[in-house]
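coords_25.cif follows; it contains mmCIF, C-alpha atoms.
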```
data_structure
#
loop_
_atom_site.label_atom_id
_atom_site.label_comp_id
_atom_site.auth_asym_id
_atom_site.auth_seq_id
_atom_site.Cartn_x
_atom_site.Cartn_y
_atom_site.Cartn_z
CA MET J 1 -39.32 32.30 0.14
CA GLU J 2 -41.15 29.01 0.57
CA ASN J 3 -39.52 27.62 -2.57
CA TYR J 4 -36.09 28.57 -1.20
CA GLN J 5 -36.94 26.86 2.09
CA GLN J 6 -38.04 23.72 0.27
CA GLU J 7 -34.91 23.67 -1.91
CA THR J 8 -32.41 24.31 0.87
CA GLY J 9 -34.23 22.94 3.91
CA ALA J 10 -33.55 26.20 5.72
CA THR J 11 -35.83 27.46 8.46
CA PRO J 12 -37.30 31.01 8.41
CA GLU J 13 -34.82 32.02 11.17
CA GLN J 14 -31.91 30.99 8.96
CA ASN J 15 -33.34 32.96 6.04
CA LEU J 16 -33.80 36.13 8.03
CA PHE J 17 -30.44 37.61 7.00
CA ASN J 18 -30.02 35.82 3.69
CA PHE J 19 -28.58 38.49 1.44
CA GLY J 20 -26.14 38.81 -1.39
CA ILE J 21 -23.24 41.17 -1.75
CA GLU J 22 -23.25 43.36 -4.82
CA HIS J 23 -20.22 43.56 -7.09
CA GLN J 24 -19.22 46.99 -5.74
CA GLY J 25 -19.43 45.67 -2.17
CA LEU J 26 -17.14 42.77 -3.08
CA GLU J 27 -14.67 45.23 -4.60
CA TYR J 28 -14.68 47.25 -1.37
CA LEU J 29 -14.17 44.09 0.66
CA LYS J 30 -11.36 42.94 -1.62
CA SER J 31 -9.65 46.32 -1.39
CA SER J 32 -9.96 46.31 2.40
CA ALA J 33 -8.54 42.80 2.54
CA LYS J 34 -5.54 43.86 0.44
CA TRP J 35 -4.84 46.75 2.82
CA GLU J 36 -5.25 44.45 5.81
CA LYS J 37 -2.76 42.06 4.24
CA PHE J 38 -0.28 44.89 3.74
CA MET J 39 -0.72 46.14 7.31
CA ALA J 40 -0.39 42.61 8.73
CA ILE J 41 2.83 41.99 6.80
CA VAL J 42 4.28 45.32 7.91
CA GLY J 43 3.29 44.58 11.52
CA ILE J 44 4.88 41.13 11.41
CA ILE J 45 8.08 42.56 9.92
CA TRP J 46 8.32 45.29 12.59
CA ILE J 47 7.69 42.82 15.40
CA SER J 48 10.26 40.42 13.91
CA ILE J 49 12.84 43.21 13.79
CA ALA J 50 12.06 44.05 17.42
CA ILE J 51 12.45 40.37 18.41
CA LEU J 52 15.79 40.19 16.58
CA PHE J 53 16.90 43.37 18.34
CA LEU J 54 15.81 41.92 21.67
CA VAL J 55 17.68 38.67 21.08
CA PHE J 56 20.87 39.97 19.48
CA GLY J 57 21.00 43.47 20.92
CA GLY J 58 19.99 42.41 24.41
CA SER J 59 23.47 41.84 25.75
CA TYR J 60 24.70 45.19 24.40
CA LEU J 61 21.68 47.01 25.78
CA SER J 62 22.03 45.24 29.10
CA THR J 63 25.69 46.25 29.38
CA LEU J 64 24.86 49.83 28.42
CA MET J 65 22.03 50.13 30.93
CA MET J 66 24.02 48.45 33.69
CA SER J 67 26.90 50.86 33.20
CA GLN J 68 24.74 54.00 33.10
CA SER J 69 21.55 53.74 35.07
CA MET J 70 22.15 51.10 37.71
CA ARG J 71 25.28 52.37 39.38
CA GLY J 72 23.61 52.21 42.78
CA LEU J 73 22.93 48.51 42.34
CA GLU J 74 26.54 47.38 42.00
CA GLY J 75 28.55 45.46 44.52
CA VAL J 76 31.63 46.56 46.45
CA ASP J 77 33.96 45.53 43.63
CA GLY J 78 31.89 47.39 41.00
CA THR J 79 30.22 44.35 39.45
CA PRO J 80 26.45 44.34 39.04
CA THR J 81 24.51 42.64 41.80
CA ALA J 82 21.91 39.92 41.35
CA LEU J 83 19.19 42.56 41.80
CA ALA J 84 20.42 44.51 38.78
CA GLY J 85 20.59 41.32 36.70
CA GLY J 86 17.09 40.38 37.84
CA ILE J 87 15.73 43.78 36.84
CA MET J 88 17.22 43.48 33.35
CA THR J 89 15.94 39.91 32.98
CA GLY J 90 12.47 41.08 33.99
CA VAL J 91 12.57 43.90 31.43
CA PHE J 92 13.59 41.52 28.64
CA ILE J 93 10.91 38.97 29.59
CA PHE J 94 8.30 41.77 29.65
CA TYR J 95 9.28 42.96 26.17
CA ALA J 96 9.39 39.40 24.80
CA LEU J 97 5.86 38.76 26.08
CA LEU J 98 4.65 42.10 24.74
CA LEU J 99 6.05 41.34 21.29
CA ALA J 100 4.49 37.87 21.31
CA VAL J 101 1.11 39.35 22.26
CA LEU J 102 1.36 41.92 19.47
CA LEU J 103 2.31 39.26 16.94
CA ILE J 104 -0.85 37.18 17.49
CA PRO J 105 -3.41 39.66 16.09
CA ASN J 106 -1.28 40.30 13.02
CA ILE J 107 -1.30 36.59 12.22
CA TYR J 108 -5.12 36.52 12.38
CA ARG J 109 -5.31 39.71 10.34
CA LEU J 110 -3.14 38.10 7.66
CA LYS J 111 -5.28 34.93 7.70
CA PHE J 112 -8.40 37.05 7.25
CA ALA J 113 -6.92 38.95 4.33
CA ASN J 114 -5.59 35.89 2.51
CA ASN J 115 -8.80 33.91 2.94
CA CYS J 116 -10.98 36.88 1.96
CA ILE J 117 -9.01 37.59 -1.22
CA ARG J 118 -9.06 33.89 -2.14
CA ALA J 119 -12.79 33.61 -1.37
CA ILE J 120 -13.71 36.57 -3.54
CA ALA J 121 -11.54 35.32 -6.41
CA ASN J 122 -13.12 31.84 -6.27
CA SER J 123 -16.64 32.91 -5.21
CA ASP J 124 -16.29 30.58 -2.23
CA THR J 125 -18.74 31.45 0.54
CA GLU J 126 -17.25 28.87 2.92
CA MET J 127 -13.81 30.46 2.60
CA LEU J 128 -15.38 33.91 3.08
CA THR J 129 -17.02 32.69 6.29
CA LYS J 130 -13.66 31.34 7.44
CA SER J 131 -12.06 34.70 6.73
CA PHE J 132 -14.75 36.50 8.74
CA LYS J 133 -14.06 34.10 11.61
CA ASN J 134 -10.41 35.22 11.57
CA LEU J 135 -11.54 38.84 11.49
CA ARG J 136 -13.75 38.15 14.52
CA VAL J 137 -10.82 36.61 16.41
CA TYR J 138 -8.65 39.60 15.49
CA SER J 139 -11.27 42.10 16.66
CA THR J 140 -12.05 40.14 19.83
CA PHE J 141 -8.35 39.93 20.67
CA TRP J 142 -7.91 43.71 20.35
CA GLY J 143 -11.12 44.33 22.30
CA ILE J 144 -9.98 42.15 25.21
CA LEU J 145 -6.49 43.66 25.10
CA THR J 146 -8.04 47.15 25.20
CA ILE J 147 -10.17 46.22 28.23
CA ILE J 148 -7.08 44.85 30.00
CA THR J 149 -5.07 47.99 29.18
CA LEU J 150 -7.86 50.32 30.36
CA SER J 151 -8.15 48.28 33.57
CA ILE J 152 -4.42 48.61 34.20
CA TYR J 153 -4.65 52.36 33.61
CA ALA J 154 -7.60 52.60 36.00
CA PHE J 155 -5.67 50.72 38.70
CA MET J 156 -2.64 52.94 38.13
CA ILE J 157 -4.76 56.09 38.49
CA VAL J 158 -6.42 54.76 41.66
CA PHE J 159 -3.07 53.83 43.22
CA LEU J 160 -1.61 57.17 42.15
CA LEU J 161 -4.50 59.03 43.79
CA ILE J 162 -4.17 56.90 46.95
CA GLY J 163 -0.44 57.59 47.00
CA MET J 164 -0.97 61.33 46.53
CA ALA J 165 -3.62 61.38 49.27
CA THR J 166 -1.32 59.46 51.60
CA TYR J 167 1.58 61.79 50.82
CA ALA J 168 -0.61 64.89 51.30
CA THR J 169 -1.72 63.77 54.77
CA VAL J 170 1.82 63.07 55.98
#
```

Would you mind writing the file's structure down as structure tokens?
Amino acid sequence: MENYQQETGATPEQNLFNFGIEHQGLEYLKSSAKWEKFMAIVGIIWISIAILFLVFGGSYLSTLMMSQSMRGLEGVDGTPTALAGGIMTGVFIFYALLLAVLLIPNIYRLKFANNCIRAIANSDTEMLTKSFKNLRVYSTFWGILTIITLSIYAFMIVFLLIGMATYATV
């Protein structure tokens, strides 16, 4: 260990987790990276199709929804009011933001997979570290998104219980 420290200039703290990955472990990692690449590409394709549907099918969907479900929000002459148009605009903005948020982790997943496959093929530890950084960003993104979603659910349950309690006392 002292010879390694003298050759590399590393401190004992830096050497604490110095380990190599066996050939079988690299094969597992490479296989996982290939599946991650496949899943990222499929995710990007599905989100792209949804964005295209939102952009090109939005006017058709808007007309369909306005004619069926928002009859109470039309003016005296039967044309949709500004409130109905605002509701539809809000729905489309919500879905556009949701699709953009779902696209971000797939990009990092694809970066991880490409860098990992390239790093294993070239035995490049720097590229492997870069790929793990992308995996960390991907995992952190989903973790934070999960916390936000659980928080929203918790608030919804609290407000639902408050609403039920208020309704029960009336």

Legend entry - Distance criterion (only C-alpha atoms): nearest to J:Ile41 out of J:Leu135, J:Ile87, J:Leu103, J:Ala154: J:Leu103

Inset, instruction - Can you work out the spacing between atom CA of J:Tyr153 and atom CA of J:Tyr138 in Å, to one decimal? - result: 22.5 Å

Inset, instruction - Find the residues near J:Met127: any atom within 7 Å, counting all atoms listed in the file, skip ones fewer than 4 places away on the same chain, and give them as a list in words. - result: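 Using all atoms listed in the file, the neighbours found are Asn115, Ala119 and Ser131 of chain J.
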
Inset, instruction - Can you work out which one of J:Trp142, J:Ile51, J:Phe159, J:Ile147 has the shortest atom-to-atom distance to J:Ala100, counting only C-alpha atoms? - result: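 Counting only C-alpha atoms, the residue closest to J:Ala100 is J:Ile51.
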
Inset, instruction - Could you tell me which residues the PyMOL selection byres ((chain J and resi 117) around 10) returns for this structure, as an MDAnalysis selection string? - result: chainID J and resid 26 29:34 37 112:116 118:123 127:128 131

Legend entry - From J:Glu22, J:Phe94, J:Leu99, J:Ile157, residue lying nearest J:Ile49 [only C-alpha atoms]: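 Smallest distance to J:Ile49 is found for J:Leu99.
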
Legend entry - Atomic separation - atom CA of J:Asn106 relative to atom CA of J:Leu54, Å: 19.2 Å

Legend entry - Gap from atom CA of J:Tyr167 to atom CA of J:Leu150 - Å, one decimal: 25.3 Å

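Using only C-alpha atoms for every distance, the candidate list J:Ser151, J:Thr166, J:Asn134, J:Ser48 yields J:Ser48 as the residue closest to J:Leu102.
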
Inset, instruction - Name the residues in contact with J:Ala40 at a cut-off of 9 Å, using only C-alpha atoms, excluding same-chain residues fewer than 3 positions from it; report them as number ranges by chain. - result: J: 35-37, 43-45, 105-110, 113

Kindly provide, as JSON, the centre and edge lengths (Å, one decimal) of an axis-aligned box around all atoms of stretch 143-161 of chain J given in the file, with 8 Å on each side.
```
{"center_x": -6.4, "center_y": 50.6, "center_z": 33.0, "size_x": 25.5, "size_y": 32.9, "size_z": 37.5}
```
